[in-house]
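Okay, structure.cif is below, mmCIF, C-alpha atoms:
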data_my_file
#
loop_
_atom_site.label_atom_id
_atom_site.label_comp_id
_atom_site.auth_asym_id
_atom_site.auth_seq_id
_atom_site.Cartn_x
_atom_site.Cartn_y
_atom_site.Cartn_z
CA MET W 1306 48.08 293.73 -109.98
CA ARG W 1307 44.99 291.70 -109.12
CA VAL W 1308 43.40 294.77 -107.47
CA LEU W 1309 44.04 296.86 -110.58
CA ARG W 1310 42.41 294.22 -112.78
CA LEU W 1311 39.38 294.10 -110.48
CA ALA W 1312 39.14 297.91 -110.45
CA GLY W 1313 39.28 297.98 -114.25
CA TRP W 1314 36.56 295.30 -114.46
CA VAL W 1315 34.28 297.20 -112.07
CA ALA W 1316 34.91 300.47 -113.96
CA GLY W 1317 34.02 298.73 -117.22
CA LEU W 1318 30.76 297.42 -115.75
CA ALA W 1319 29.94 300.85 -114.37
CA MET W 1320 30.47 302.43 -117.78
CA ALA W 1321 28.21 299.80 -119.30
CA GLY W 1322 25.52 300.79 -116.79
CA MET W 1323 25.63 297.51 -114.89
CA VAL W 1324 27.01 298.88 -111.61
CA SER W 1325 26.43 302.29 -110.08
CA ALA W 1326 27.94 304.02 -107.09
CA ALA W 1327 24.52 305.02 -105.79
CA GLU W 1328 21.15 303.33 -105.95
CA ALA W 1329 17.90 304.70 -107.29
CA ALA W 1330 15.95 306.85 -104.88
CA PRO W 1331 12.23 306.67 -104.23
CA GLY W 1332 10.41 309.83 -105.19
CA PHE W 1333 7.10 311.21 -106.42
CA SER W 1334 5.78 313.72 -108.94
CA THR W 1335 4.91 317.14 -107.56
CA ALA W 1336 2.48 317.95 -110.41
CA ASN W 1337 0.93 316.29 -113.45
CA VAL W 1338 4.09 315.98 -115.54
CA ASN W 1339 5.18 314.47 -118.84
CA ILE W 1340 7.59 311.56 -118.81
CA ARG W 1341 9.69 311.89 -121.97
CA THR W 1342 11.96 309.71 -124.08
CA GLY W 1343 14.88 312.08 -123.51
CA PRO W 1344 15.93 315.04 -121.35
CA ASP W 1345 14.29 317.86 -123.30
CA THR W 1346 10.76 318.99 -124.11
CA GLU W 1347 11.50 318.21 -127.78
CA PHE W 1348 11.51 314.47 -127.03
CA PRO W 1349 8.15 312.66 -127.29
CA SER W 1350 6.04 312.24 -124.18
CA LEU W 1351 5.34 308.69 -123.03
CA GLY W 1352 2.41 309.93 -120.98
CA VAL W 1353 1.56 312.08 -117.99
CA ILE W 1354 2.53 311.08 -114.47
CA PRO W 1355 -0.27 312.20 -112.12
CA GLU W 1356 0.64 314.49 -109.23
CA GLY W 1357 1.76 312.53 -106.17
CA SER W 1358 2.52 309.31 -108.06
CA PRO W 1359 5.37 307.25 -106.64
CA LEU W 1360 8.36 306.65 -108.91
CA GLU W 1361 12.02 305.69 -108.77
CA ILE W 1362 14.68 308.27 -109.59
CA GLU W 1363 17.46 306.37 -111.35
CA GLY W 1364 19.78 309.33 -111.84
CA CYS W 1365 19.95 312.97 -112.87
CA LEU W 1366 22.06 314.94 -115.30
CA GLU W 1367 25.03 316.74 -113.83
CA ASP W 1368 23.24 320.10 -113.88
CA GLU W 1369 20.27 318.44 -112.10
CA SER W 1370 17.87 319.71 -114.77
CA TRP W 1371 16.42 316.34 -115.88
CA CYS W 1372 16.19 312.98 -114.15
CA ASP W 1373 15.86 309.45 -115.49
CA VAL W 1374 12.89 307.82 -113.74
CA ILE W 1375 10.85 304.65 -113.67
CA TRP W 1376 7.10 305.06 -113.28
CA GLN W 1377 4.83 302.03 -113.64
CA ASP W 1378 5.96 300.32 -116.88
CA TYR W 1379 7.68 303.45 -118.22
CA ARG W 1380 11.31 304.48 -118.22
CA GLY W 1381 11.97 308.08 -119.21
CA TRP W 1382 12.97 311.61 -118.29
CA VAL W 1383 11.23 314.17 -116.07
CA TYR W 1384 12.24 317.77 -115.46
CA SER W 1385 13.61 317.85 -111.90
CA GLU W 1386 11.43 320.77 -110.79
CA TYR W 1387 8.53 318.28 -110.81
CA LEU W 1388 10.19 315.62 -108.66
CA GLY W 1389 10.08 315.32 -104.90
CA SER W 1390 11.58 312.99 -102.34
CA GLU W 1391 11.62 312.47 -98.62
CA VAL W 1392 14.90 313.41 -96.97
CA GLN W 1393 15.46 313.19 -93.23
CA GLY W 1394 11.72 312.79 -92.69
CA ARG W 1395 10.85 315.91 -94.69
CA THR W 1396 9.37 316.22 -98.15
CA ALA W 1397 11.22 318.47 -100.59
CA VAL W 1398 11.43 319.25 -104.28
CA LEU W 1399 14.56 317.69 -105.75
CA PRO W 1400 16.32 320.93 -106.85
CA ASP W 1401 15.92 322.36 -103.33
CA TRP W 1402 17.93 319.47 -101.87
CA GLY W 1403 20.17 318.43 -104.75
CA VAL W 1404 20.86 314.93 -105.97
CA ALA W 1405 23.66 314.31 -103.46
CA ALA W 1406 21.34 314.78 -100.48
CA ILE W 1407 18.84 312.36 -101.92
CA GLY W 1408 21.51 309.84 -102.93
CA VAL W 1409 20.74 309.86 -106.65
CA PRO W 1410 23.63 309.19 -109.03
CA VAL W 1411 24.66 311.65 -111.72
CA VAL W 1412 24.07 310.10 -115.14
CA ALA W 1413 24.78 311.03 -118.74
CA PHE W 1414 22.44 310.70 -121.69
CA ALA W 1415 23.42 308.96 -124.90
CA ALA W 1416 20.28 308.99 -127.03
CA SER W 1417 20.86 305.93 -129.20
CA GLN W 1418 22.06 303.80 -126.29
CA TYR W 1419 19.10 304.83 -124.12
CA TRP W 1420 16.54 304.30 -126.88
CA ASN W 1421 18.06 300.93 -127.85
CA GLN W 1422 17.98 299.79 -124.23
CA TYR W 1423 14.47 300.93 -123.25
CA TYR W 1424 12.35 301.58 -126.35
CA VAL W 1425 12.96 298.81 -128.88
CA GLY W 1426 9.57 297.44 -129.90
CA ARG W 1427 7.65 300.54 -128.86
CA PRO W 1428 5.59 302.24 -131.62
CA TYR W 1429 7.60 305.50 -131.56
CA TYR W 1430 10.93 303.64 -131.85
CA VAL W 1431 10.52 303.40 -135.64
CA ASN W 1432 10.67 307.22 -135.79
CA GLN W 1433 14.07 307.20 -134.09
CA PRO W 1434 16.08 308.52 -137.10
CA TRP W 1435 14.30 311.87 -136.77
CA TYR W 1436 16.37 312.46 -133.64
CA ALA W 1437 19.63 311.57 -135.35
CA ASP W 1438 19.48 314.75 -137.42
CA ARG W 1439 17.81 317.02 -134.91
CA TYR W 1440 19.85 316.16 -131.83
CA ARG W 1441 23.18 314.98 -133.15
CA TRP W 1442 22.08 311.50 -132.01
CA GLU W 1443 25.39 310.75 -130.34
CA GLY W 1444 26.64 313.33 -127.89
CA TYR W 1445 23.32 315.14 -127.47
CA ALA W 1446 23.65 317.89 -124.90
CA PRO W 1447 20.39 318.99 -123.23
CA ARG W 1448 19.76 322.66 -122.58
CA PRO W 1449 20.89 323.57 -119.05
CA ARG W 1450 18.40 324.46 -116.36
CA PRO W 1451 17.81 328.25 -116.40
CA GLY W 1452 19.95 330.06 -113.85
CA TRP W 1453 22.06 327.00 -113.04
CA TYR W 1454 25.45 328.52 -113.87
CA ALA W 1455 24.45 332.09 -112.99
CA ALA W 1456 24.23 331.08 -109.33
CA VAL W 1457 27.71 329.53 -109.41
CA CYS W 1458 29.51 332.47 -111.07
#

Same coordinates, now as structure tokens:
Amino acid sequence: MRVLRLAGWVAGLAMAGMVSAAEAAPGFSTANVNIRTGPDTEFPSLGVIPEGSPLEIEGCLEDESWCDVIWQDYRGWVYSEYLGSEVQGRTAVLPDWGVAAIGVPVVAFAASQYWNQYYVGRPYYVNQPWYADRYRWEGYAPRPRPGWYAAVC
């Protein structure tokens, strides 16, 4: 019974984003790339990450199309085609290896939760309601990476 209670407590913390099965992975940008406030080109850009800049990959969507990253003082989303990492002493673009090989957790995106956690107080936060209508604020589903499911079928 005690084990079940502990498992439930850990699961609750994991759902709240306080515990993850895998840690963030060090990475870098493979080109000058926008870091965005959400996993789609429709979300505002926070800036451009210069090619070769080190960053931390916090997690990627299940289809590996977009990844949540930390770069300098920014937390946001980068299209995975522009992320690289070192695996087994070799440098590779993230989609070539896959998130499992790099040890990056799979994450989901809940727009209001993400914005409330990372963007409160930022100038663009006041424009947040625009996304409520455009992206069905809760339950937003990013467009899948082209060809992702075609290769599986």

Original post:
Got a sec to resolve the PyMOL selection byres ((chain W and resi 1386) around 10) on this structure and send the residues as a list in words?
Top reply: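 This file, filtered by the PyMOL selection byres ((chain W and resi 1386) around 10), leaves Ser1334, Thr1335, Ala1336, Val1338, Glu1369, Ser1370, Trp1371, Cys1372, Val1383, Tyr1384, Ser1385, Tyr1387, Leu1388, Gly1389, Val1398, Leu1399, Pro1400, Asp1401 and Arg1450 of chain W.
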
Writer output for current selection, C-alpha atoms, as a short mmCIF file (atom, residue, chain, number, x, y, z; two decimals), keeping the file's coordinate frame:
data_model
loop_
_atom_site.label_atom_id
_atom_site.label_comp_id
_atom_site.auth_asym_id
_atom_site.auth_seq_id
_atom_site.Cartn_x
_atom_site.Cartn_y
_atom_site.Cartn_z
CA SER W 1334 5.78 313.72 -108.94
CA THR W 1335 4.91 317.14 -107.56
CA ALA W 1336 2.48 317.95 -110.41
CA VAL W 1338 4.09 315.98 -115.54
CA GLU W 1369 20.27 318.44 -112.10
CA SER W 1370 17.87 319.71 -114.77
CA TRP W 1371 16.42 316.34 -115.88
CA CYS W 1372 16.19 312.98 -114.15
CA VAL W 1383 11.23 314.17 -116.07
CA TYR W 1384 12.24 317.77 -115.46
CA SER W 1385 13.61 317.85 -111.90
CA TYR W 1387 8.53 318.28 -110.81
CA LEU W 1388 10.19 315.62 -108.66
CA GLY W 1389 10.08 315.32 -104.90
CA VAL W 1398 11.43 319.25 -104.28
CA LEU W 1399 14.56 317.69 -105.75
CA PRO W 1400 16.32 320.93 -106.85
CA ASP W 1401 15.92 322.36 -103.33
CA ARG W 1450 18.40 324.46 -116.36
#

**OP:** Could you tell me which residues the PyMOL selection byres ((chain W and resi 1355) around 10) grabs in this file, written as a list in words?
**Re:**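 Evaluating the PyMOL selection byres ((chain W and resi 1355) around 10) on these coordinates yields Phe1333, Ser1334, Thr1335, Ala1336, Asn1337, Val1338, Asn1339, Gly1352, Val1353, Ile1354, Glu1356, Gly1357, Ser1358 and Pro1359 of chain W.
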
Original post:
Do you have the CA of Gly1426 (chain W)-CA of Phe1414 (chain W) distance handy?
Top reply: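 CA of Gly1426 (chain W) sits 20.2 Å away from CA of Phe1414 (chain W).
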
**OP:** May I have the residues within 6 Å of Leu1360 (chain W) as JSON, numbers by chain, using only C-alpha atoms and disregarding those fewer than 3 positions away in the same chain?
**Re:** {"W": [1332, 1333, 1375, 1376]}

Subject >> Length of the CA of Asp1345 (chain W) to CA of Gln1418 (chain W) vector [Å] >> reply: 16.3 Å

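The two atoms in question, CA of Arg1427 (chain W) and CA of Gly1343 (chain W), are spaced 14.6 Å apart.
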